[in-house]
>>> print(open('final-v1.txt').read())   # compact mmCIF, C-alpha atoms and all ligand atoms
# COMPACT_ATOMS: atom_id res chain seq x y z
CA MET R 1 -21.26 -12.74 -2.23
CA PRO R 2 -18.50 -13.73 0.21
CA ILE R 3 -15.88 -11.21 1.28
CA ARG R 4 -12.71 -12.01 -0.61
CA HIS R 5 -10.17 -9.42 0.53
CA LEU R 6 -8.77 -9.00 4.04
CA TYR R 7 -6.36 -6.35 5.32
CA PHE R 8 -4.40 -6.66 8.59
CA HIS R 9 -2.83 -3.54 10.08
CA ILE R 10 0.28 -4.33 12.14
CA PRO R 11 0.97 -0.98 13.83
CA PHE R 12 4.53 -1.61 15.06
CA CYS R 13 7.77 -0.22 13.58
CA PRO R 14 11.40 -0.44 14.72
CA LYS R 15 11.58 3.40 14.62
CA LEU R 16 9.09 6.04 13.44
CA CYS R 17 10.04 7.72 10.14
CA PRO R 18 9.77 11.54 10.10
CA TYR R 19 7.59 11.65 6.94
CA CYS R 20 5.13 8.89 7.83
CA SER R 21 1.48 9.46 8.79
CA PHE R 22 0.29 5.86 9.05
CA TYR R 23 -1.02 4.84 12.47
CA VAL R 24 2.11 3.28 14.00
CA GLU R 25 4.01 3.00 17.28
CA VAL R 26 7.31 1.52 18.42
CA GLY R 27 6.59 -2.12 19.33
CA SER R 28 7.15 -3.88 22.66
CA LYS R 29 6.81 -7.58 23.45
CA ASN R 30 3.99 -7.32 26.03
CA LYS R 31 1.75 -5.15 23.87
CA THR R 32 2.40 -7.29 20.82
CA THR R 33 1.36 -10.62 22.37
CA ALA R 34 -2.00 -9.23 23.53
CA PHE R 35 -2.46 -7.48 20.19
CA LEU R 36 -1.96 -10.70 18.21
CA ASP R 37 -4.54 -12.46 20.40
CA ALA R 38 -6.96 -9.59 19.76
CA LEU R 39 -6.37 -9.78 16.01
CA LEU R 40 -7.12 -13.51 15.97
CA ARG R 41 -10.21 -13.05 18.14
CA ASN R 42 -11.42 -10.24 15.85
CA VAL R 43 -11.09 -12.55 12.82
CA GLU R 44 -12.92 -15.33 14.64
CA LEU R 45 -15.83 -12.99 15.46
CA ALA R 46 -15.92 -11.68 11.88
CA THR R 47 -16.30 -15.21 10.50
CA ARG R 48 -19.56 -15.44 12.49
CA ASP R 49 -20.92 -12.21 11.00
CA TYR R 50 -19.71 -12.55 7.40
CA ASP R 51 -19.24 -15.20 4.77
CA ILE R 52 -15.44 -14.92 4.25
CA ALA R 53 -13.59 -16.77 1.48
CA PRO R 54 -10.35 -14.82 0.98
CA GLN R 55 -8.67 -14.48 -2.39
CA THR R 56 -6.17 -11.93 -1.06
CA LEU R 57 -4.66 -11.29 2.37
CA TYR R 58 -2.60 -8.13 2.89
CA PHE R 59 -0.45 -7.52 5.98
CA GLY R 60 0.44 -3.84 6.01
CA GLY R 61 1.30 -1.22 8.52
CA GLY R 62 3.37 -0.27 10.13
CA THR R 63 5.87 -3.02 9.64
CA PRO R 64 4.49 -6.57 9.76
CA SER R 65 8.01 -7.93 9.21
CA ALA R 66 9.04 -6.32 12.52
CA LEU R 67 7.17 -9.13 14.31
CA THR R 68 9.55 -11.86 15.45
CA THR R 69 9.63 -15.21 13.65
CA ALA R 70 7.81 -16.79 16.63
CA GLN R 71 5.12 -14.06 16.62
CA LEU R 72 4.56 -14.43 12.85
CA ASP R 73 4.30 -18.19 13.26
CA TYR R 74 1.74 -17.75 16.07
CA LEU R 75 -0.31 -15.27 14.02
CA PHE R 76 -0.31 -17.27 10.78
CA THR R 77 -1.03 -20.60 12.49
CA GLY R 78 -3.95 -18.92 14.27
CA LEU R 79 -5.27 -17.44 11.05
CA ARG R 80 -5.06 -20.74 9.18
CA ALA R 81 -7.15 -22.32 11.96
CA ARG R 82 -9.82 -19.62 11.60
CA LEU R 83 -10.00 -18.95 7.85
CA ASP R 84 -10.74 -21.14 4.87
CA LEU R 85 -7.85 -20.28 2.54
CA ARG R 86 -8.64 -22.72 -0.27
CA GLU R 87 -9.45 -19.90 -2.70
CA LEU R 88 -6.45 -17.75 -1.76
CA ARG R 89 -4.58 -16.29 -4.76
CA GLU R 90 -2.26 -13.76 -3.13
CA TRP R 91 -0.84 -13.28 0.36
CA ASP R 92 1.04 -9.98 0.71
CA LEU R 93 3.27 -8.71 3.46
CA GLU R 94 5.08 -5.36 3.84
CA ALA R 95 8.64 -5.58 5.04
CA ASN R 96 11.28 -3.15 6.20
CA PRO R 97 14.72 -4.28 4.92
CA ALA R 98 16.16 -3.98 8.45
CA THR R 99 13.89 -6.75 9.72
CA ILE R 100 14.60 -9.64 7.33
CA ARG R 101 16.68 -12.59 8.61
CA PRO R 102 17.15 -15.97 6.84
CA GLU R 103 14.99 -17.83 9.37
CA LYS R 104 12.19 -15.25 9.14
CA ALA R 105 12.29 -15.25 5.33
CA ARG R 106 11.93 -19.06 5.35
CA LEU R 107 9.06 -18.97 7.86
CA LEU R 108 7.20 -16.38 5.76
CA ARG R 109 7.56 -18.51 2.65
CA GLU R 110 6.58 -21.75 4.40
CA ALA R 111 3.59 -20.07 6.08
CA GLY R 112 2.19 -19.26 2.63
CA VAL R 113 3.10 -15.61 2.02
CA THR R 114 3.33 -15.25 -1.78
CA ARG R 115 4.30 -11.60 -2.27
CA LEU R 116 6.61 -9.36 -0.29
CA SER R 117 6.88 -5.56 -0.53
CA LEU R 118 10.30 -4.38 0.53
CA GLY R 119 10.45 -0.74 1.71
CA VAL R 120 13.76 0.16 0.07
CA GLN R 121 12.83 3.83 -0.67
CA SER R 122 16.25 4.66 -2.16
CA TRP R 123 19.54 2.97 -3.01
CA ASP R 124 21.43 6.06 -1.85
CA ASP R 125 22.75 5.94 1.73
CA ALA R 126 22.77 9.73 2.12
CA LEU R 127 19.07 9.94 1.15
CA LEU R 128 18.24 6.99 3.41
CA GLY R 129 19.79 9.09 6.18
CA THR R 130 17.63 12.10 5.21
CA LEU R 131 14.59 9.82 5.38
CA GLY R 132 15.63 8.58 8.84
CA ARG R 133 15.57 4.97 7.68
CA VAL R 134 17.02 2.26 9.92
CA HIS R 135 18.71 0.38 7.03
CA SER R 136 21.46 1.04 4.50
CA ALA R 137 21.32 0.31 0.78
CA ALA R 138 23.56 -2.74 1.38
CA ASP R 139 21.10 -4.04 4.05
CA ALA R 140 18.25 -3.68 1.55
CA GLU R 141 20.15 -5.57 -1.15
CA ARG R 142 21.02 -8.36 1.29
CA SER R 143 17.34 -8.60 2.37
CA PHE R 144 16.23 -8.80 -1.26
CA GLU R 145 18.70 -11.65 -1.86
CA LEU R 146 17.58 -13.45 1.30
CA LEU R 147 13.98 -13.32 0.10
CA ARG R 148 14.97 -14.74 -3.28
CA GLU R 149 17.00 -17.49 -1.55
CA ALA R 150 13.93 -18.30 0.58
CA GLY R 151 12.01 -18.93 -2.66
CA PHE R 152 9.99 -15.72 -3.18
CA THR R 153 9.19 -15.26 -6.86
CA ASN R 154 6.91 -12.24 -6.46
CA LEU R 155 8.75 -9.29 -4.91
CA ASN R 156 7.86 -5.62 -4.89
CA ILE R 157 10.28 -2.79 -4.17
CA ASP R 158 8.84 0.45 -2.70
CA LEU R 159 10.67 3.61 -3.75
CA MET R 160 10.16 7.28 -2.93
CA PHE R 161 11.11 10.22 -5.13
CA SER R 162 11.31 13.98 -4.47
CA VAL R 163 13.10 13.27 -1.20
CA PRO R 164 14.63 16.58 0.04
CA GLY R 165 17.96 17.13 -1.69
CA GLN R 166 17.46 14.32 -4.24
CA SER R 167 18.93 15.07 -7.67
CA LEU R 168 17.74 13.66 -10.98
CA SER R 169 20.92 11.60 -11.29
CA GLN R 170 20.42 10.11 -7.80
CA TRP R 171 16.90 9.07 -8.82
CA GLU R 172 18.14 7.63 -12.12
CA ALA R 173 20.73 5.59 -10.20
CA THR R 174 18.02 4.28 -7.84
CA LEU R 175 15.85 3.24 -10.80
CA ALA R 176 18.84 1.56 -12.51
CA LYS R 177 19.77 -0.37 -9.37
CA THR R 178 16.15 -1.47 -8.90
CA ILE R 179 15.93 -2.72 -12.49
CA ALA R 180 19.23 -4.59 -12.10
CA LEU R 181 17.75 -6.55 -9.18
CA ALA R 182 14.73 -7.49 -11.35
CA PRO R 183 11.83 -7.42 -8.85
CA GLU R 184 8.45 -8.38 -10.31
CA HIS R 185 6.85 -5.10 -9.21
CA VAL R 186 7.92 -1.55 -8.34
CA SER R 187 5.86 1.01 -6.38
CA SER R 188 7.21 4.51 -6.84
CA TYR R 189 5.68 7.20 -4.62
CA CYS R 190 6.23 10.93 -4.77
CA LEU R 191 7.04 12.02 -1.22
CA THR R 192 3.96 13.61 0.36
CA TYR R 193 4.31 16.11 3.18
CA GLU R 194 1.61 14.71 5.46
CA GLU R 195 0.15 16.90 8.19
CA ASP R 196 1.36 16.21 11.74
CA THR R 197 4.72 14.82 10.63
CA GLU R 198 8.21 16.15 11.28
CA TYR R 199 8.65 16.62 7.53
CA PHE R 200 5.50 18.76 7.34
CA ARG R 201 6.79 20.99 10.15
CA LYS R 202 10.14 21.34 8.37
CA LEU R 203 8.34 22.30 5.16
CA LEU R 204 6.34 24.97 7.00
CA GLY R 205 9.49 26.17 8.76
CA GLY R 206 11.31 26.55 5.44
CA ALA R 207 13.92 23.81 6.04
CA PHE R 208 12.44 21.88 3.09
CA ARG R 209 11.13 23.33 -0.15
CA GLN R 210 8.72 21.86 -2.71
CA ASP R 211 9.53 22.14 -6.41
CA ASP R 212 6.71 20.99 -8.72
CA GLU R 213 8.90 21.12 -11.81
CA HIS R 214 11.56 18.91 -10.26
CA ASP R 215 8.86 16.47 -9.03
CA ALA R 216 7.43 16.32 -12.57
CA GLN R 217 10.87 15.66 -14.03
CA LEU R 218 11.48 12.73 -11.66
CA PHE R 219 8.02 11.31 -12.36
CA GLU R 220 8.55 11.61 -16.15
CA THR R 221 11.88 9.82 -15.81
CA THR R 222 10.15 7.00 -13.90
CA MET R 223 7.41 6.74 -16.54
CA GLU R 224 10.08 6.37 -19.24
CA THR R 225 12.61 4.18 -17.45
CA LEU R 226 10.49 1.45 -15.84
CA PRO R 227 8.27 0.67 -18.88
CA ALA R 228 11.42 0.57 -21.08
CA ALA R 229 12.67 -2.17 -18.72
CA GLY R 230 9.46 -4.23 -19.08
CA TYR R 231 7.36 -2.87 -16.20
CA ALA R 232 3.88 -1.78 -17.29
CA HIS R 233 2.71 1.47 -15.69
CA TYR R 234 -0.67 0.07 -14.59
CA GLU R 235 -1.48 2.59 -11.86
CA ILE R 236 -0.12 6.04 -11.21
CA SER R 237 2.39 4.82 -8.57
CA ASN R 238 2.70 1.18 -9.64
CA TYR R 239 4.64 -0.72 -12.29
CA ALA R 240 4.55 -4.49 -12.88
CA ARG R 241 5.89 -7.25 -15.05
CA PRO R 242 3.03 -8.87 -17.04
CA GLY R 243 0.64 -10.71 -14.71
CA ARG R 244 2.39 -9.38 -11.56
CA GLU R 245 -0.01 -6.57 -10.67
CA SER R 246 -1.05 -6.48 -7.00
CA LEU R 247 -4.35 -8.37 -6.87
CA HIS R 248 -5.19 -6.92 -3.46
CA ASN R 249 -4.78 -3.33 -4.61
CA LEU R 250 -6.67 -4.05 -7.85
CA ALA R 251 -9.56 -5.27 -5.67
CA TYR R 252 -9.66 -1.91 -3.85
CA TRP R 253 -9.52 0.03 -7.11
CA GLN R 254 -12.33 -2.09 -8.58
CA GLY R 255 -14.54 -1.39 -5.56
CA ARG R 256 -14.67 -4.90 -4.10
CA ASP R 257 -15.78 -5.40 -0.48
CA TYR R 258 -13.00 -5.85 2.07
CA LEU R 259 -12.60 -6.24 5.82
CA GLY R 260 -9.76 -4.60 7.75
CA PHE R 261 -8.43 -5.86 11.08
CA GLY R 262 -6.23 -3.97 13.54
CA PRO R 263 -6.20 -0.33 14.74
CA SER R 264 -7.06 2.29 12.09
CA ALA R 265 -7.94 -0.39 9.52
CA PHE R 266 -10.84 0.47 7.19
CA SER R 267 -13.55 -1.93 6.02
CA THR R 268 -16.07 -1.41 3.23
CA VAL R 269 -19.02 -3.75 2.77
CA GLY R 270 -21.62 -2.55 0.27
CA LEU R 271 -22.24 1.09 1.12
CA ARG R 272 -21.12 0.74 4.74
CA ARG R 273 -17.61 1.93 5.61
CA TRP R 274 -15.97 1.99 9.02
CA GLU R 275 -12.59 2.56 10.58
CA ASN R 276 -11.32 0.76 13.65
CA VAL R 277 -10.14 2.87 16.59
CA ARG R 278 -6.72 4.42 15.94
CA ASP R 279 -5.26 3.15 19.20
CA THR R 280 -3.61 -0.25 19.63
CA ALA R 281 -4.32 -0.56 23.37
CA ALA R 282 -7.99 0.44 22.92
CA TYR R 283 -8.37 -1.93 19.95
CA THR R 284 -6.87 -4.81 21.94
CA GLU R 285 -8.97 -4.12 25.05
CA ARG R 286 -12.18 -3.76 23.08
CA VAL R 287 -11.78 -6.99 21.12
CA LEU R 288 -10.80 -9.00 24.18
CA ALA R 289 -13.77 -7.54 26.13
CA GLY R 290 -16.13 -8.50 23.30
CA GLU R 291 -16.85 -4.85 22.42
CA SER R 292 -17.03 -3.20 19.00
CA THR R 293 -13.71 -2.04 17.52
CA ILE R 294 -15.33 0.61 15.35
CA GLY R 295 -13.99 4.13 15.88
CA SER R 296 -16.04 5.84 13.17
CA SER R 297 -18.40 4.76 10.41
CA GLU R 298 -20.40 6.22 7.55
CA MET R 299 -23.04 5.20 5.05
CA LEU R 300 -21.89 6.02 1.53
CA THR R 301 -24.36 6.96 -1.19
CA THR R 302 -24.28 5.22 -4.57
CA GLN R 303 -23.09 8.53 -6.05
CA ILE R 304 -20.18 8.83 -3.59
CA ARG R 305 -19.20 5.21 -4.29
CA ALA R 306 -19.40 5.79 -8.06
CA GLY R 307 -17.20 8.87 -7.62
CA GLU R 308 -14.61 6.91 -5.66
CA LEU R 309 -14.52 4.22 -8.32
CA ALA R 310 -14.12 6.83 -11.06
CA ALA R 311 -11.27 8.45 -9.11
CA PHE R 312 -9.50 5.12 -8.53
CA GLY R 313 -10.15 3.98 -12.10
CA MET R 314 -8.75 7.19 -13.60
CA ARG R 315 -5.46 6.45 -11.86
CA THR R 316 -5.20 3.05 -13.57
CA SER R 317 -4.11 2.32 -17.13
CA ALA R 318 -7.53 0.67 -17.73
CA GLY R 319 -9.25 4.03 -17.12
CA VAL R 320 -13.02 4.29 -16.61
CA SER R 321 -15.89 3.40 -18.96
CA LEU R 322 -17.65 6.50 -20.33
CA ASP R 323 -20.96 5.11 -19.01
CA ASN R 324 -19.58 5.35 -15.48
CA LEU R 325 -18.61 9.00 -15.99
CA GLN R 326 -22.04 10.22 -17.06
CA LEU R 327 -22.60 11.84 -13.67
CA TRP R 328 -19.70 14.27 -14.33
CA PRO R 329 -20.14 15.53 -17.94
CA GLY R 330 -18.56 18.91 -17.11
CA ALA R 331 -15.39 17.41 -15.63
CA LEU R 332 -14.99 15.01 -18.54
CA ASP R 333 -15.25 17.81 -21.13
CA GLU R 334 -12.93 20.08 -19.18
CA PHE R 335 -10.21 17.44 -18.78
CA ARG R 336 -10.52 16.48 -22.47
CA GLU R 337 -10.04 20.11 -23.48
CA LEU R 338 -7.05 20.45 -21.17
CA GLY R 339 -5.56 17.33 -22.79
CA PHE R 340 -5.56 15.37 -19.51
CA ILE R 341 -8.00 12.66 -20.66
CA GLU R 342 -8.40 10.84 -23.97
CA GLN R 343 -10.84 8.23 -25.20
CA HIS R 344 -9.75 4.63 -25.93
CA ASN R 345 -12.77 2.79 -27.38
CA ASP R 346 -15.49 3.44 -24.79
CA ARG R 347 -13.11 4.28 -21.95
CA ALA R 348 -11.57 7.49 -20.64
CA VAL R 349 -7.89 7.21 -19.75
CA LEU R 350 -5.27 9.70 -18.62
CA THR R 351 -2.90 11.07 -21.24
CA ARG R 352 0.78 11.44 -20.41
CA ARG R 353 0.06 15.04 -19.42
CA GLY R 354 -2.96 13.90 -17.40
CA LYS R 355 -0.79 11.48 -15.44
CA MET R 356 1.16 14.47 -14.11
CA MET R 357 -2.17 15.87 -12.87
CA ALA R 358 -3.67 12.57 -11.68
CA ASP R 359 -4.60 13.84 -8.21
CA THR R 360 -6.42 16.88 -9.63
CA VAL R 361 -8.33 14.72 -12.11
CA ALA R 362 -9.23 12.13 -9.44
CA GLU R 363 -10.42 14.83 -7.00
CA ALA R 364 -13.01 16.09 -9.48
CA PHE R 365 -15.02 12.88 -9.00
CA VAL R 366 -15.02 12.67 -5.20
C1 LIG J 1 3.24 1.48 5.23
S1 LIG J 1 4.74 1.62 4.41
C2 LIG J 1 5.19 -0.10 4.61
C3 LIG J 1 6.61 -0.49 4.53
C4 LIG J 1 7.47 -0.39 5.77
N1 LIG J 1 6.77 0.14 6.89
C5 LIG J 1 8.63 0.49 5.42
O1 LIG J 1 8.50 1.70 5.57
O2 LIG J 1 9.64 -0.09 5.00
C6 LIG J 1 4.37 1.60 2.65
C7 LIG J 1 5.14 2.54 1.77
O3 LIG J 1 4.54 3.82 1.76
C8 LIG J 1 5.47 4.76 1.29
N2 LIG J 1 5.32 5.99 2.08
C9 LIG J 1 5.20 6.10 3.42
N3 LIG J 1 5.04 7.40 3.77
C10 LIG J 1 5.07 8.13 2.62
C11 LIG J 1 4.96 9.53 2.31
N4 LIG J 1 4.80 10.46 3.26
N5 LIG J 1 5.01 9.89 1.00
C12 LIG J 1 5.16 8.98 0.03
N6 LIG J 1 5.27 7.65 0.26
C13 LIG J 1 5.22 7.23 1.54
C14 LIG J 1 6.86 4.13 1.45
O4 LIG J 1 7.39 3.86 0.16
C15 LIG J 1 6.57 2.82 2.17
O5 LIG J 1 7.44 1.79 1.79
S1 LIG J 2 7.41 4.48 6.70
FE1 LIG J 2 7.16 2.32 7.26
S2 LIG J 2 8.79 1.95 8.84
FE2 LIG J 2 8.56 4.15 8.66
S3 LIG J 2 7.12 4.70 10.30
FE3 LIG J 2 5.92 4.47 8.38
S4 LIG J 2 5.21 2.40 8.38
FE4 LIG J 2 6.88 2.53 9.91
>>> encode(input="final-v1.txt", output="structure tokens")
Amino acid sequence: MPIRHLYFHIPFCPKLCPYCSFYVEVGSKNKTTAFLDALLRNVELATRDYDIAPQTLYFGGGTPSALTTAQLDYLFTGLRARLDLRELREWDLEANPATIRPEKARLLREAGVTRLSLGVQSWDDALLGTLGRVHSAADAERSFELLREAGFTNLNIDLMFSVPGQSLSQWEATLAKTIALAPEHVSSYCLTYEEDTEYFRKLLGGAFRQDDEHDAQLFETTMETLPAAGYAHYEISNYARPGRESLHNLAYWQGRDYLGFGPSAFSTVGLRRWENVRDTAAYTERVLAGESTIGSSEMLTTQIRAGELAAFGMRTSAGVSLDNLQLWPGALDEFRELGFIEQHNDRAVLTRRGKMMADTVAEAFV
């Protein structure tokens, strides 16, 4: 079977956000040019080792849209020369609202990008300040309009809730503004205090406080508001208009093979999983010297893989077939008794209560 899903990690951001734990750095022109050459070389080498016929391409990060129009053109032209894209169904790119200009939006569209994820996070300027974002709500709205004007018909808006100091009414206003703009997809993430971030240190130091009840209230509001506006809640953090689910993310959740390019990018092929080195300079040097980019790797067992698929599946509205849960009879019974899981035909799916405990349920399988 050919590999049908490719991920590209672009590790550069205009400024590092205090809550973010992705592998990123502030970009500079010299580093970026060499990095793009390395990325293209890495793809070229991979096409010798694997049969690759992509159905989805995903440019994430970091901030792929922080590349200049000329750099994006160089990268995409190079990729088109190296990959057979005849079976491509979705081409995603993550964008920070501060980085979208009319010319760049047009280039992205003409290059073949089909779906853009705009990191809006909030429509409230005070909360954007708390998050240390480099854009205002007005900048985000302008970027959204520019993308529509450039011809994008598949747009996602990323939001975050449980931001320190965020009230229920601020979150309701953000949801209402999002719905008014009518994107095809909304990703709504509960803020996570990731280790080794400024936010985590502030939490430990007492400057920030976690409130599970408030988090649950904001999540419940999301689960009511977005579906009422026509967005199906198809995965714990994701809502889509019919037929607008992210095909790339669905591929991960269904356990398809994928290759990742760039520093810190993961690949999974069969039971083999590896992560590229988490260092842009080392990644670039290694590729250009013809050396392996792998930083760490592991062989999964069929049981570990089945557990991962059960955990991913439980987070989706499709749930998991009971056959695939036979390895965990105790967990299934326990979650049924707690009212977290119910049976729909031959599948186990999360109840409304279970959705509030999705991470706990998922962890039982991995
Ligand atoms: C890799 S970022 C890509 C978008 C772009 N870099 C930006 O921030 O605009 C993907 C999304 O992850 C979410 N995210 C990042 N850090 C998070 C955290 N600590 N907790 C919850 N969501 C987070 C944000 O909604 C962000 O838009
Ligand atoms: S949240 Fe996005 S823009 Fe901010 S540092 Fe992380 S990847 Fe970069």
>>> residues_near_ligand(input="final-v1.txt", ligand="ligand LIG 2 (chain J)", cutoff="12 Å", atoms="only C-alpha atoms and all ligand atoms", output="count of residues only")
53
>>> closest_residue(input="final-v1.txt", among="R:Asn156, R:Ser122, R:Asn42, R:Ser143", to="Glu172 (chain R)", atoms="only C-alpha atoms")
R:Ser122
>>> residues_near_point(input="final-v1.txt", point="(1.3, -8.5, 3.2)", cutoff="7 Å", atoms="all atoms listed in the file", output="list of chain:residue names")
R:Leu57, R:Tyr58, R:Phe59, R:Gly60, R:Trp91, R:Asp92, R:Leu93, R:Glu94, R:Arg115, R:Leu116
>>> closest_atom_pairs(input="final-v1.txt", of="region 166-257 of chain R", to="region 303-322 of chain R", cutoff="8 Å", atoms="only C-alpha atoms", output="JSON lines")
{"residue": "R:His233", "atom": "CA", "partner": "R:Ser317", "partner_atom": "CA", "distance": 7.0}
{"residue": "R:Tyr234", "atom": "CA", "partner": "R:Ser317", "partner_atom": "CA", "distance": 4.8}
{"residue": "R:Glu235", "atom": "CA", "partner": "R:Thr316", "partner_atom": "CA", "distance": 4.1}
{"residue": "R:Ile236", "atom": "CA", "partner": "R:Arg315", "partner_atom": "CA", "distance": 5.4}
{"residue": "R:Trp253", "atom": "CA", "partner": "R:Phe312", "partner_atom": "CA", "distance": 5.3}
{"residue": "R:Gln254", "atom": "CA", "partner": "R:Leu309", "partner_atom": "CA", "distance": 6.7}
{"residue": "R:Gly255", "atom": "CA", "partner": "R:Leu309", "partner_atom": "CA", "distance": 6.3}
>>> atom_distance(input="final-v1.txt", atom1="CA of Trp171 (chain R)", atom2="CA of Ala216 (chain R)")
12.5 Å
>>> residues_near_point(input="final-v1.txt", point="(-0.9, 17.2, -15.2)", cutoff="12 Å", atoms="only C-alpha atoms", output="list of chain:residue names")
R:Asp212, R:Glu213, R:Asp215, R:Ala216, R:Gln217, R:Phe219, R:Glu220, R:Ile236, R:Phe335, R:Leu338, R:Gly339, R:Phe340, R:Ile341, R:Leu350, R:Thr351, R:Arg352, R:Arg353, R:Gly354, R:Lys355, R:Met356, R:Met357, R:Ala358, R:Asp359, R:Thr360, R:Val361, R:Ala362
>>> residues_around(input="final-v1.txt", residues="Ala228 (chain R)", least_positions_apart="2", cutoff="12 Å", atoms="all atoms listed in the file", output="list in words")
Leu175, Ala176, Ile179, Thr221, Thr222, Met223, Glu224, Thr225, Leu226, Gly230, Tyr231, Ala232, His233, Tyr239, Ala240 and Arg241 of chain R
>>> closest_residue(input="final-v1.txt", among="R:Ser296, R:Asn324, R:Thr114, R:Thr178", to="Gly151 (chain R)", atoms="only C-alpha atoms")
R:Thr114
>>> closest_residue(input="final-v1.txt", among="R:Thr284, R:Ser136, R:Ser187, R:Thr69", to="ligand LIG 1 (chain J)", atoms="all atoms listed in the file")
R:Ser187
>>> closest_residue(input="final-v1.txt", among="R:Gln166, R:Thr32, R:Ser237, R:Asn276", to="Ser188 (chain R)", atoms="only C-alpha atoms")
R:Ser237
>>> closest_residue(input="final-v1.txt", among="R:Tyr283, R:Tyr252, R:Phe76, R:Phe8", to="ligand LIG 1 (chain J)", atoms="only C-alpha atoms and all ligand atoms")
R:Phe8
>>> residues_around(input="final-v1.txt", residues="Lys29 (chain R)", least_positions_apart="5", cutoff="12 Å", atoms="all atoms listed in the file", output="mmCIF file with C-alpha atoms, keeping the file's coordinate frame")
data_model
loop_
_atom_site.group_PDB
_atom_site.id
_atom_site.type_symbol
_atom_site.label_atom_id
_atom_site.label_comp_id
_atom_site.auth_asym_id
_atom_site.auth_seq_id
_atom_site.Cartn_x
_atom_site.Cartn_y
_atom_site.Cartn_z
ATOM 1 C CA PHE R 12 4.530 -1.610 15.060
ATOM 2 C CA ALA R 34 -2.000 -9.230 23.530
ATOM 3 C CA PHE R 35 -2.460 -7.480 20.190
ATOM 4 C CA LEU R 36 -1.960 -10.700 18.210
ATOM 5 C CA ALA R 66 9.040 -6.320 12.520
ATOM 6 C CA LEU R 67 7.170 -9.130 14.310
ATOM 7 C CA THR R 68 9.550 -11.860 15.450
ATOM 8 C CA ALA R 70 7.810 -16.790 16.630
ATOM 9 C CA GLN R 71 5.120 -14.060 16.620
#
>>> closest_residue(input="final-v1.txt", among="R:Leu218, R:Phe261, R:Leu6, R:Asp323", to="Thr293 (chain R)", atoms="all atoms listed in the file")
R:Phe261
>>> build_atoms(input="final-v1.txt", residues="region 92-106 of chain R", atoms="N, CA and C atoms", output="compact mmCIF listing (two decimals), in the coordinates of the input")
# COMPACT_ATOMS: atom_id res chain seq x y z
N ASP R 92 0.03 -11.04 0.72
CA ASP R 92 1.04 -9.98 0.71
C ASP R 92 1.52 -9.64 2.11
N LEU R 93 2.76 -9.20 2.18
CA LEU R 93 3.27 -8.71 3.46
C LEU R 93 4.28 -7.58 3.21
N GLU R 94 4.14 -6.48 3.96
CA GLU R 94 5.08 -5.36 3.84
C GLU R 94 6.26 -5.58 4.77
N ALA R 95 7.44 -5.31 4.24
CA ALA R 95 8.64 -5.58 5.04
C ALA R 95 9.60 -4.40 4.99
N ASN R 96 10.20 -4.12 6.14
CA ASN R 96 11.28 -3.15 6.20
C ASN R 96 12.58 -3.95 6.05
N PRO R 97 13.50 -3.49 5.18
CA PRO R 97 14.72 -4.28 4.92
C PRO R 97 15.53 -4.58 6.18
N ALA R 98 15.37 -3.75 7.23
CA ALA R 98 16.16 -3.98 8.45
C ALA R 98 15.67 -5.19 9.23
N THR R 99 14.53 -5.72 8.87
CA THR R 99 13.89 -6.75 9.72
C THR R 99 13.91 -8.15 9.11
N ILE R 100 14.62 -8.32 8.00
CA ILE R 100 14.60 -9.64 7.33
C ILE R 100 15.84 -10.45 7.73
N ARG R 101 15.61 -11.64 8.28
CA ARG R 101 16.68 -12.59 8.61
C ARG R 101 16.37 -13.88 7.86
N PRO R 102 17.39 -14.75 7.63
CA PRO R 102 17.15 -15.97 6.84
C PRO R 102 16.00 -16.83 7.41
N GLU R 103 16.00 -16.97 8.74
CA GLU R 103 14.99 -17.83 9.37
C GLU R 103 13.59 -17.24 9.17
N LYS R 104 13.50 -15.90 9.30
CA LYS R 104 12.19 -15.25 9.14
C LYS R 104 11.72 -15.35 7.69
N ALA R 105 12.65 -15.16 6.75
CA ALA R 105 12.29 -15.25 5.33
C ALA R 105 11.75 -16.65 5.02
N ARG R 106 12.39 -17.67 5.59
CA ARG R 106 11.93 -19.06 5.35
C ARG R 106 10.55 -19.29 5.95
